[in-house]
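Working notes for the structure below.
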Amino acid sequence: MSRLDNRAYYDDFAGWYERERHLPYHRMLDDLEVELVERYAAGKQVLEVGCGTGLILDRVGQFASTARGIDLSGGMLARAASRGLAVAQASATDLPIATASVDVAYSFKVLAHIPDITGVMREMARVVRPGGWVLAEFYNARSIRRLVKAVKPPTAVSENTHDEHVFTRYDDARAIRSYLPPELDWVTSRGIRVITPAAAVLRVPLIGAAVRWAEHRLADLPGARDVGGFLVACCQKR
């Protein structure tokens, strides 16, 4: 199967990107991610690496002192700019941000699609001030989500493209640690989508509410968080 480069893939995806973001599954993921950023970034200067259309960045801007975003895709950024957000087109491996100029750099649903992951982590660490935080979300190799992805058919992201047209990597904790530059200490984690077997479960009355309640409580629980479909490494810069 042929793959697209990341810019072409996300430019193509941009038209459909927000079609399902209002549904319970995506709302839950967004809520868990925004909640985590707020712990570290309230009143602080923040950078989102891979901001897409700005749905997360827009919410973060409500509690951060400044919130900026970068993305490789012009199609995605056009929507983010229409929201009035401070965004720029750039690669995650070459951030147009001054060294030690933000308090928090975070990235969700992006790092798994970047082959040069050590380069991205070095850049995110570079732009954060000493004592600041890097919140880096990886696709967890040890999760229900990984098993589901292995057996399900590809998911369309446009009329011509599906999710297997882009490079995707799944990592366990050992691999993630190997990507971190020496100035980053992995302090804690958050697991996102710990028990949800399929997105459709969140639409079922009562059951969906119960699963959402459980996901919020398991996200920070040692052991449970380690098998989240999305594993966020919360790293502090020395």
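Here's how to read the names in the structure tokens: chain A, B, ... by the order shown, residue numbers from 1 in each chain, ligand numbers from 1 in the order shown.
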* Filtered DSSP result for segment 73-155 of chain A, state strand (DSSP E), as a ChimeraX atom specification -> /A:86-89,102-107,128-139
Now that the selection is made, can you save its residues with C-alpha atoms as a JSON list (two decimals), in the first residue's frame?
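Generated file (result_1.json):
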[["chain", "number", "residue", "atom", "x", "y", "z"],
["A", 86, "ALA", "CA", -2.01, 32.39, 16.58],
["A", 87, "VAL", "CA", -0.70, 29.68, 14.26],
["A", 88, "ALA", "CA", 2.15, 29.15, 11.81],
["A", 89, "GLN", "CA", 3.04, 26.56, 9.21],
["A", 102, "VAL", "CA", 7.41, 28.77, 26.46],
["A", 103, "ASP", "CA", 6.33, 27.10, 29.69],
["A", 104, "VAL", "CA", 4.53, 24.13, 28.15],
["A", 105, "ALA", "CA", 4.81, 22.39, 24.78],
["A", 106, "TYR", "CA", 2.24, 19.68, 24.08],
["A", 107, "SER", "CA", 1.28, 17.43, 21.20],
["A", 128, "VAL", "CA", 10.53, 24.90, 26.87],
["A", 129, "ARG", "CA", 12.05, 26.84, 29.76],
["A", 130, "PRO", "CA", 13.86, 24.97, 32.55],
["A", 131, "GLY", "CA", 11.22, 23.72, 34.97],
["A", 132, "GLY", "CA", 8.62, 23.74, 32.20],
["A", 133, "TRP", "CA", 6.74, 20.78, 30.77],
["A", 134, "VAL", "CA", 6.52, 18.70, 27.61],
["A", 135, "LEU", "CA", 3.26, 16.74, 27.28],
["A", 136, "ALA", "CA", 3.81, 14.16, 24.55],
["A", 137, "GLU", "CA", 1.07, 11.76, 23.48],
["A", 138, "PHE", "CA", 2.01, 8.44, 21.87],
["A", 139, "TYR", "CA", -0.04, 5.60, 20.40]]
* DSSP-assigned alpha helix (DSSP H) members of segment 29-227 of chain A, reported as an NGL selection string -> :A and (29-41 or 55-60 or 74-82 or 117-127 or 144-151 or 173-179 or 207-218)
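Using only C-alpha atoms for every distance, the candidate list A:Gly69, A:Pro205, A:Gly191, A:Gly52 yields A:Gly191 as the residue closest to Ala224 of chain A.
Checking A:Ser91, A:Thr168, A:Thr118, A:Thr53 one by one against Ala78 of chain A, counting only C-alpha atoms, you find the shortest gap at A:Thr53.
Comparing the minimum interatomic distances between Tyr179 of chain A and each of A:Arg27, A:Arg122, A:Lys44, A:Arg142, counting only C-alpha atoms, we find that A:Arg122 sits nearest.
In this comparison, which uses only C-alpha atoms, the residue of A:Gln45, A:Thr196, A:Ser82, A:Gln236 approaching Gln62 of chain A most closely is A:Gln45.
The residue that comes closest to Phe63 of chain A, out of A:Asp172, A:Glu123, A:Glu35, A:Asp185 and on the basis of only C-alpha atoms, is A:Glu35.
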Segment 149-188 of chain A residues near segment 124-127 of chain A within 8 Å, closest pair each, using only C-alpha atoms, as JSON lines:
{"residue": "A:Pro181", "atom": "CA", "partner": "A:Ala125", "partner_atom": "CA", "distance": 7.5}
{"residue": "A:Glu183", "atom": "CA", "partner": "A:Ala125", "partner_atom": "CA", "distance": 7.5}
{"residue": "A:Leu184", "atom": "CA", "partner": "A:Ala125", "partner_atom": "CA", "distance": 6.9}
Could you write out that same residue set with C-alpha atoms as a compact mmCIF listing (two decimals), in the first residue's frame?
# COMPACT_ATOMS: atom_id res chain seq x y z
CA PRO A 181 16.49 13.88 25.32
CA GLU A 183 17.15 17.16 29.80
CA LEU A 184 13.61 15.72 30.04
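With distances restricted to only C-alpha atoms, A:Ala219 is the closest residue to Ile192 of chain A from A:Cys51, A:Val157, A:Leu85, A:Ala219.
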Could you build a table of the residues in segment 185-215 of chain A lying no more than 12 Å from segment 146-152 of chain A, giving for each the nearest pair of atoms and their separation in Å rounded to one decimal place, using only C-alpha atoms, ordered by chain and ascending residue number, as JSON lines?
{"residue": "A:Arg193", "atom": "CA", "partner": "A:Arg146", "partner_atom": "CA", "distance": 10.9}
{"residue": "A:Val194", "atom": "CA", "partner": "A:Arg146", "partner_atom": "CA", "distance": 11.2}
{"residue": "A:Ile195", "atom": "CA", "partner": "A:Val148", "partner_atom": "CA", "distance": 11.8}
{"residue": "A:Thr196", "atom": "CA", "partner": "A:Val148", "partner_atom": "CA", "distance": 10.5}
{"residue": "A:Pro197", "atom": "CA", "partner": "A:Val148", "partner_atom": "CA", "distance": 7.5}
{"residue": "A:Ala198", "atom": "CA", "partner": "A:Val148", "partner_atom": "CA", "distance": 7.9}
{"residue": "A:Ala199", "atom": "CA", "partner": "A:Val148", "partner_atom": "CA", "distance": 10.8}
Go ahead and dump the residues you just picked, C-alpha atoms, as a PDB file, in the first residue's frame.
ATOM      1  CA  ARG A 193      -9.034   5.538  26.136  1.00  0.00           C
ATOM      2  CA  VAL A 194      -8.199   2.912  28.731  1.00  0.00           C
ATOM      3  CA  ILE A 195     -11.279   0.676  28.475  1.00  0.00           C
ATOM      4  CA  THR A 196     -13.330   1.939  25.518  1.00  0.00           C
ATOM      5  CA  PRO A 197     -13.414  -0.972  23.005  1.00  0.00           C
ATOM      6  CA  ALA A 198     -14.986   1.025  20.155  1.00  0.00           C
ATOM      7  CA  ALA A 199     -16.110   4.606  19.607  1.00  0.00           C
TER       8      ALA A 199
END
